[in-house]
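Working notes, structure below.
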Amino acid sequence: MTKVSLIVAALVPKLGIGYKGQLPWALKEEMKYFRKVTTQTVDKSKKNAVIMGRKTWESIPARFRPLKDRVNVVLTRNVGAFSEKYADELATHGENVKIADSLKSALQSLDTKQIEEVFVIGGAELYNQVLKNDPELIERVFLTEVSAEKELEMDAFIELLEPWKRQEPHVWTAYLATKGLDAEFAQHNNEAGFRFSYQIYSPSR
Ligand code: FOL
């Protein structure tokens, strides 16, 4: 089966990622990194796919969804209710959106000849489910480690335990290079009272 990568920004050390259904911060440069990494392909005739839980879909501002130039897959236990609720949006942008009721069926619904990389983009329930139940399906975890001077209230966390190992910086740079992106991102690591550093975690097995 196609492998996936997780992409997530989290506050260290507890790895909080959200509060009340939203990101706990608004980091423009970090969001640009998310957009570029998830959109850019090596083979320009292909697209990447982003798989998200239903609540993450709802957290994305309507004007930005479906995330453009990527195949969007939304996971929900109630496909009927979702299709009904978003009937209008899906009627206009339906091409780029698929709805599935499990990660496996989402992956099966993707045409591997047209998709280059598959990113799981959250939220907490989906990240933790994949990390716990399907770690063998995960190729890499793109974790942006965020730190803040003050404590922040969070109610959603990821659990990144063994065997995940943070890779040396050259692994990240080399990955970006394959996509024609340069490491200028690493310069923008300070915004709105937050510091962040882009990391890649891989299984140490
Ligand atoms: N991973 C990382 N590294 N940072 C994140 O902020 C992040 N966010 C999510 C998942 N993984 C992440 C989920 N939340 C948009 C909004 C919320 C969101 C993901 C994406 C969004 O609107 N993205 C637009 C860019 C908008 C802009 O340029 O401001 C996109 O086209 O990707």
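Residues are referred to by chain and number: the chain letter is A, B, ... according to the order shown in the structure tokens, the number counts from 1 in that chain, and ligands are numbered separately from 1 in the order shown.
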If you run DSSP on this backbone, which residues of chain A come out as strand (DSSP E or B), and could you give them as a PyMOL selection string? chain A and resi 4-11+16-19+22+47-53+70-75+97-100+115-120+138-148+156-157+164-166+190-191+194-203
As a quick test: using only C-alpha atoms and all ligand atoms, which residues lie no more than 9 Å away from ligand 1? Give them as a ChimeraX atom specification. /A:6-10,17,22-23,25-39,52,56-57,59-70,119-123,142-145,198
For N, CA and C atoms, I'd like the residues from the last selection saved as a CSV table (one decimal), in the first residue's frame.
chain,number,residue,atom,x,y,z
A,6,LEU,N,3.4,12.3,7.6
A,6,LEU,CA,2.6,13.2,8.5
A,6,LEU,C,3.3,14.5,8.4
A,7,ILE,N,2.5,15.6,8.3
A,7,ILE,CA,3.1,16.9,8.5
A,7,ILE,C,2.3,17.7,9.5
A,8,VAL,N,3.0,18.2,10.5
A,8,VAL,CA,2.4,18.8,11.7
A,8,VAL,C,3.3,19.8,12.3
A,9,ALA,N,2.7,20.9,12.9
A,9,ALA,CA,3.4,21.8,13.7
A,9,ALA,C,3.0,21.6,15.1
A,10,ALA,N,4.0,21.5,16.0
A,10,ALA,CA,3.6,21.2,17.4
A,10,ALA,C,4.5,22.0,18.4
A,17,ILE,N,-1.0,20.7,19.5
A,17,ILE,CA,-1.1,21.1,18.1
A,17,ILE,C,-2.4,22.0,17.9
A,22,GLN,N,-8.9,24.7,16.4
A,22,GLN,CA,-8.1,25.6,15.6
A,22,GLN,C,-6.6,25.4,15.9
A,23,LEU,N,-5.8,25.9,15.0
A,23,LEU,CA,-4.4,26.0,15.3
A,23,LEU,C,-4.2,27.0,16.4
A,25,TRP,N,-1.9,29.1,16.8
A,25,TRP,CA,-1.1,30.3,16.4
A,25,TRP,C,-1.5,30.6,14.9
A,26,ALA,N,-1.0,31.7,14.5
A,26,ALA,CA,-1.1,32.0,13.0
A,26,ALA,C,0.3,32.4,12.6
A,27,LEU,N,1.0,31.4,12.0
A,27,LEU,CA,2.4,31.6,11.6
A,27,LEU,C,2.5,31.6,10.0
A,28,LYS,N,2.6,32.8,9.5
A,28,LYS,CA,2.5,32.9,8.0
A,28,LYS,C,3.6,32.1,7.3
A,29,GLU,N,4.9,32.3,7.8
A,29,GLU,CA,6.0,31.6,7.1
A,29,GLU,C,5.9,30.1,7.3
A,30,GLU,N,5.4,29.7,8.4
A,30,GLU,CA,5.3,28.2,8.7
A,30,GLU,C,4.2,27.7,7.8
A,31,MET,N,3.1,28.4,7.6
A,31,MET,CA,2.1,28.0,6.7
A,31,MET,C,2.5,27.9,5.3
A,32,LYS,N,3.4,28.8,4.9
A,32,LYS,CA,3.9,28.8,3.5
A,32,LYS,C,4.8,27.5,3.3
A,33,TYR,N,5.5,27.2,4.4
A,33,TYR,CA,6.3,25.9,4.3
A,33,TYR,C,5.3,24.7,4.1
A,34,PHE,N,4.3,24.7,4.9
A,34,PHE,CA,3.3,23.6,4.8
A,34,PHE,C,2.7,23.6,3.3
A,35,ARG,N,2.4,24.7,2.8
A,35,ARG,CA,1.8,24.8,1.5
A,35,ARG,C,2.8,24.3,0.4
A,36,LYS,N,4.0,24.7,0.5
A,36,LYS,CA,5.0,24.3,-0.5
A,36,LYS,C,5.3,22.9,-0.4
A,37,VAL,N,5.6,22.4,0.8
A,37,VAL,CA,6.0,21.0,0.9
A,37,VAL,C,4.8,20.0,0.5
A,38,THR,N,3.6,20.4,0.8
A,38,THR,CA,2.5,19.5,0.4
A,38,THR,C,2.1,19.6,-1.0
A,39,THR,N,2.4,20.8,-1.6
A,39,THR,CA,2.0,21.0,-3.0
A,39,THR,C,3.1,20.6,-4.1
A,52,MET,N,-7.1,14.3,5.5
A,52,MET,CA,-7.4,15.0,6.7
A,52,MET,C,-8.7,14.5,7.4
A,56,THR,N,-10.6,18.7,10.8
A,56,THR,CA,-9.5,19.6,10.2
A,56,THR,C,-10.1,20.3,8.9
A,57,TRP,N,-10.9,19.5,8.1
A,57,TRP,CA,-11.5,20.2,7.0
A,57,TRP,C,-12.3,21.4,7.4
A,59,SER,N,-11.8,23.2,10.0
A,59,SER,CA,-11.0,24.2,10.6
A,59,SER,C,-10.3,25.1,9.5
A,60,ILE,N,-10.3,24.6,8.3
A,60,ILE,CA,-9.6,25.3,7.2
A,60,ILE,C,-10.6,26.4,6.7
A,61,PRO,N,-10.1,27.7,6.7
A,61,PRO,CA,-11.0,28.7,6.2
A,61,PRO,C,-11.6,28.3,4.8
A,62,ALA,N,-12.9,28.5,4.7
A,62,ALA,CA,-13.6,28.1,3.5
A,62,ALA,C,-13.0,28.5,2.2
A,63,ARG,N,-12.4,29.7,2.2
A,63,ARG,CA,-11.8,30.2,1.0
A,63,ARG,C,-10.5,29.5,0.6
A,64,PHE,N,-9.9,28.7,1.6
A,64,PHE,CA,-8.7,28.0,1.2
A,64,PHE,C,-9.0,26.5,1.0
A,65,ARG,N,-10.2,26.1,1.1
A,65,ARG,CA,-10.5,24.7,0.9
A,65,ARG,C,-11.4,24.4,-0.3
A,66,PRO,N,-11.2,23.3,-1.0
A,66,PRO,CA,-10.2,22.3,-0.8
A,66,PRO,C,-8.8,23.0,-1.0
A,67,LEU,N,-7.7,22.5,-0.4
A,67,LEU,CA,-6.4,23.0,-0.5
A,67,LEU,C,-6.0,22.9,-2.0
A,68,LYS,N,-5.6,24.0,-2.6
A,68,LYS,CA,-5.5,23.9,-4.0
A,68,LYS,C,-4.2,23.2,-4.5
A,69,ASP,N,-4.4,22.7,-5.8
A,69,ASP,CA,-3.3,22.0,-6.4
A,69,ASP,C,-2.9,20.7,-5.7
A,70,ARG,N,-3.8,20.2,-4.8
A,70,ARG,CA,-3.6,18.9,-4.2
A,70,ARG,C,-4.9,18.2,-4.2
A,119,PHE,N,0.1,13.1,2.1
A,119,PHE,CA,0.4,13.7,3.4
A,119,PHE,C,-0.8,13.6,4.3
A,120,VAL,N,-0.6,13.1,5.5
A,120,VAL,CA,-1.7,13.2,6.5
A,120,VAL,C,-1.6,14.5,7.2
A,121,ILE,N,-2.6,15.3,7.1
A,121,ILE,CA,-2.5,16.7,7.7
A,121,ILE,C,-3.3,16.9,8.9
A,122,GLY,N,-3.7,15.8,9.6
A,122,GLY,CA,-4.4,16.0,10.9
A,122,GLY,C,-5.8,15.8,10.8
A,123,GLY,N,-6.5,16.0,12.0
A,123,GLY,CA,-5.9,16.5,13.2
A,123,GLY,C,-5.4,15.4,14.2
A,142,PHE,N,7.0,15.1,9.1
A,142,PHE,CA,7.5,16.4,9.0
A,142,PHE,C,7.0,17.2,10.2
A,143,LEU,N,7.9,17.4,11.2
A,143,LEU,CA,7.4,18.0,12.4
A,143,LEU,C,8.1,19.4,12.5
A,144,THR,N,7.3,20.4,12.6
A,144,THR,CA,7.8,21.7,12.9
A,144,THR,C,7.7,21.9,14.4
A,145,GLU,N,8.9,22.0,15.0
A,145,GLU,CA,9.0,22.1,16.5
A,145,GLU,C,8.8,23.6,16.8
A,198,TYR,N,12.2,23.3,11.6
A,198,TYR,CA,11.7,22.3,10.7
A,198,TYR,C,12.5,21.0,10.8
Residues near range 160-172 of chain A, cut-off 12 Å, only C-alpha atoms, skip fewer than 6 positions along chain, as a ChimeraX atom specification: /A:6,8,10,12-16,37,124,127-132,135-136,138-145,178-179,181-183,185-186,197-205
Writing out the chosen residues with N, CA and C atoms as a short mmCIF file (atom, residue, chain, number, x, y, z; two decimals), in the first residue's frame:
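Heads up, here's the output in selection-v9.cif:
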data_model
loop_
_atom_site.label_atom_id
_atom_site.label_comp_id
_atom_site.auth_asym_id
_atom_site.auth_seq_id
_atom_site.Cartn_x
_atom_site.Cartn_y
_atom_site.Cartn_z
N LEU A 6 3.39 12.25 7.62
CA LEU A 6 2.61 13.17 8.46
C LEU A 6 3.28 14.53 8.39
N VAL A 8 3.03 18.24 10.48
CA VAL A 8 2.38 18.80 11.67
C VAL A 8 3.29 19.83 12.32
N ALA A 10 3.96 21.51 16.04
CA ALA A 10 3.58 21.24 17.43
C ALA A 10 4.49 21.98 18.40
N VAL A 12 6.75 22.29 21.49
CA VAL A 12 7.56 21.39 22.32
C VAL A 12 7.52 21.85 23.77
N PRO A 13 7.68 20.96 24.75
CA PRO A 13 7.94 19.53 24.58
C PRO A 13 6.68 18.66 24.58
N LYS A 14 5.53 19.27 24.85
CA LYS A 14 4.33 18.41 25.02
C LYS A 14 3.65 18.06 23.71
N LEU A 15 4.08 18.72 22.63
CA LEU A 15 3.53 18.46 21.29
C LEU A 15 2.03 18.77 21.18
N GLY A 16 1.68 19.93 21.72
CA GLY A 16 0.31 20.45 21.54
C GLY A 16 0.18 21.00 20.12
N VAL A 37 5.60 22.36 0.80
CA VAL A 37 5.97 20.95 0.94
C VAL A 37 4.84 20.04 0.47
N ALA A 124 -5.53 15.76 15.48
CA ALA A 124 -4.96 14.91 16.52
C ALA A 124 -5.49 13.48 16.45
N TYR A 127 -3.83 11.79 13.36
CA TYR A 127 -2.38 11.59 13.54
C TYR A 127 -2.13 10.45 14.53
N ASN A 128 -2.82 10.50 15.67
CA ASN A 128 -2.55 9.52 16.72
C ASN A 128 -3.00 8.12 16.33
N GLN A 129 -4.09 8.07 15.57
CA GLN A 129 -4.57 6.78 15.09
C GLN A 129 -3.55 6.15 14.14
N VAL A 130 -3.01 6.94 13.22
CA VAL A 130 -2.04 6.41 12.27
C VAL A 130 -0.74 6.03 13.00
N LEU A 131 -0.27 6.90 13.90
CA LEU A 131 0.97 6.62 14.63
C LEU A 131 0.85 5.34 15.46
N LYS A 132 -0.32 5.14 16.03
CA LYS A 132 -0.51 3.98 16.91
C LYS A 132 -0.82 2.71 16.12
N PRO A 135 1.81 2.43 12.00
CA PRO A 135 3.13 3.08 11.88
C PRO A 135 3.90 2.60 10.65
N GLU A 136 3.64 1.35 10.23
CA GLU A 136 4.37 0.82 9.07
C GLU A 136 3.98 1.53 7.77
N ILE A 138 3.82 4.76 7.59
CA ILE A 138 4.38 6.12 7.64
C ILE A 138 5.82 6.13 7.14
N GLU A 139 6.07 6.98 6.15
CA GLU A 139 7.42 7.10 5.61
C GLU A 139 8.23 8.10 6.43
N ARG A 140 7.65 9.30 6.64
CA ARG A 140 8.34 10.33 7.40
C ARG A 140 7.32 11.16 8.17
N VAL A 141 7.83 11.82 9.20
CA VAL A 141 7.01 12.80 9.90
C VAL A 141 7.71 14.15 9.75
N PHE A 142 7.02 15.08 9.10
CA PHE A 142 7.53 16.44 8.99
C PHE A 142 6.98 17.19 10.20
N LEU A 143 7.86 17.37 11.18
CA LEU A 143 7.42 18.02 12.41
C LEU A 143 8.07 19.39 12.51
N THR A 144 7.27 20.41 12.60
CA THR A 144 7.80 21.74 12.91
C THR A 144 7.73 21.89 14.42
N GLU A 145 8.91 21.96 15.05
CA GLU A 145 8.96 22.12 16.50
C GLU A 145 8.85 23.60 16.83
N THR A 178 15.19 17.73 -3.55
CA THR A 178 14.58 16.86 -4.56
C THR A 178 13.35 17.53 -5.16
N LYS A 179 12.72 18.39 -4.39
CA LYS A 179 11.51 19.06 -4.88
C LYS A 179 11.82 20.44 -5.46
N LEU A 181 13.04 22.89 -3.86
CA LEU A 181 12.85 23.95 -2.86
C LEU A 181 14.19 24.21 -2.19
N ASP A 182 14.50 25.47 -1.89
CA ASP A 182 15.74 25.66 -1.16
C ASP A 182 15.47 25.90 0.32
N ALA A 183 16.54 25.82 1.09
CA ALA A 183 16.39 25.83 2.55
C ALA A 183 16.21 27.23 3.13
N PHE A 185 13.68 28.52 3.84
CA PHE A 185 12.66 28.42 4.89
C PHE A 185 13.25 28.44 6.27
N ALA A 186 14.39 27.75 6.40
CA ALA A 186 14.99 27.61 7.71
C ALA A 186 15.36 28.96 8.32
N SER A 197 11.47 25.28 14.33
CA SER A 197 12.51 24.63 13.54
C SER A 197 11.90 23.42 12.84
N TYR A 198 12.23 23.30 11.55
CA TYR A 198 11.65 22.26 10.71
C TYR A 198 12.46 20.98 10.85
N GLN A 199 11.78 19.89 11.17
CA GLN A 199 12.46 18.62 11.39
C GLN A 199 11.82 17.52 10.58
N ILE A 200 12.63 16.50 10.28
CA ILE A 200 12.08 15.27 9.73
C ILE A 200 12.38 14.15 10.71
N TYR A 201 11.35 13.40 11.07
CA TYR A 201 11.51 12.20 11.90
C TYR A 201 11.25 10.99 11.01
N SER A 202 12.10 9.97 11.18
CA SER A 202 11.91 8.72 10.45
C SER A 202 11.95 7.58 11.45
N PRO A 203 11.38 6.44 11.07
CA PRO A 203 11.45 5.30 11.99
C PRO A 203 12.90 4.83 12.09
N SER A 204 13.35 4.47 13.28
CA SER A 204 14.75 4.07 13.45
C SER A 204 14.95 2.58 13.15
N ARG A 205 13.84 1.91 12.82
CA ARG A 205 13.93 0.47 12.51
C ARG A 205 14.79 0.23 11.28
#
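Residue nearest Lys55 in chain A within the list A:Leu137, A:Thr76, A:Gln40, A:Gln108: A:Thr76 [criterion: smallest interatomic distance, only C-alpha atoms].
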Can you list, as an mmCIF file with N, CA and C atoms, in the first residue's frame, every protein, DNA or RNA residue that comes within 12 Å of Thr112 in chain A when you count only C-alpha atoms, leaving out same-chain residues fewer than 5 positions away?
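New file selection.cif:
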data_model
loop_
_atom_site.group_PDB
_atom_site.id
_atom_site.type_symbol
_atom_site.label_atom_id
_atom_site.label_comp_id
_atom_site.auth_asym_id
_atom_site.auth_seq_id
_atom_site.Cartn_x
_atom_site.Cartn_y
_atom_site.Cartn_z
ATOM 1 N N MET A 1 0.847 -1.221 0.000
ATOM 2 C CA MET A 1 0.000 0.000 0.000
ATOM 3 C C MET A 1 0.866 1.248 0.000
ATOM 4 N N THR A 2 0.368 2.313 -0.637
ATOM 5 C CA THR A 2 1.069 3.603 -0.656
ATOM 6 C C THR A 2 1.412 4.042 0.758
ATOM 7 N N LYS A 3 2.606 4.541 0.926
ATOM 8 C CA LYS A 3 2.969 5.089 2.234
ATOM 9 C C LYS A 3 2.525 6.534 2.353
ATOM 10 N N LYS A 46 2.184 15.046 -11.967
ATOM 11 C CA LYS A 46 1.480 14.458 -10.825
ATOM 12 C C LYS A 46 1.118 15.499 -9.776
ATOM 13 N N LYS A 47 0.189 15.114 -8.915
ATOM 14 C CA LYS A 47 -0.167 15.944 -7.763
ATOM 15 C C LYS A 47 0.105 15.150 -6.502
ATOM 16 N N ASN A 48 0.174 15.858 -5.377
ATOM 17 C CA ASN A 48 0.194 15.191 -4.087
ATOM 18 C C ASN A 48 -1.233 15.123 -3.558
ATOM 19 N N ALA A 49 -1.422 14.251 -2.571
ATOM 20 C CA ALA A 49 -2.716 14.181 -1.898
ATOM 21 C C ALA A 49 -2.544 14.576 -0.441
ATOM 22 N N VAL A 71 -4.868 16.851 -4.262
ATOM 23 C CA VAL A 71 -6.100 16.077 -4.103
ATOM 24 C C VAL A 71 -6.406 16.007 -2.608
ATOM 25 N N ALA A 106 -9.190 5.371 1.910
ATOM 26 C CA ALA A 106 -8.711 6.618 1.296
ATOM 27 C C ALA A 106 -7.527 6.302 0.387
ATOM 28 N N LEU A 107 -6.583 5.507 0.899
ATOM 29 C CA LEU A 107 -5.385 5.194 0.115
ATOM 30 C C LEU A 107 -5.748 4.369 -1.117
ATOM 31 N N GLU A 117 2.970 12.044 -3.719
ATOM 32 C CA GLU A 117 3.149 11.836 -2.271
ATOM 33 C C GLU A 117 1.820 12.025 -1.570
ATOM 34 N N VAL A 118 1.670 11.339 -0.459
ATOM 35 C CA VAL A 118 0.431 11.449 0.314
ATOM 36 C C VAL A 118 0.781 11.981 1.704
#
Per DSSP on the backbone, filter chain A down to the residues in alpha helix (DSSP H) and report them as a PyMOL selection string. chain A and resi 28-39+54-59+79-85+87-93+103-109+124-133+169-178
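Near Gly193 in chain A, within 12 Å and counting only C-alpha atoms, sit Trp25, Ala26, Leu27, Val146, Ser147, Ala148, Glu149, Lys150, Glu151 and Leu152 of chain A, not including residues fewer than 5 positions from it in the same chain.
Put simply, CA of Gly94 in chain A is 14.7 Å away from CA of Ser109 in chain A.
Close contacts of Val73 in chain A, defined as residues with an atom at most 6 Å away when counting only C-alpha atoms, with chain neighbours fewer than 3 positions off set aside, comprise A:Ile51, A:Val97, A:Lys98, A:Ile99.
Taking only C-alpha atoms into account, Glu116 in chain A lies nearest to A:Asp43 out of the set A:Asp43, A:Asp134, A:Glu95, A:Glu159.
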Atom pair CA of Gly21 in chain A + CA of Val74 in chain A, distance 15.8 Å
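Pairwise distance (CA of Lys20 in chain A, CA of Glu125 in chain A) equals 13.5 Å.
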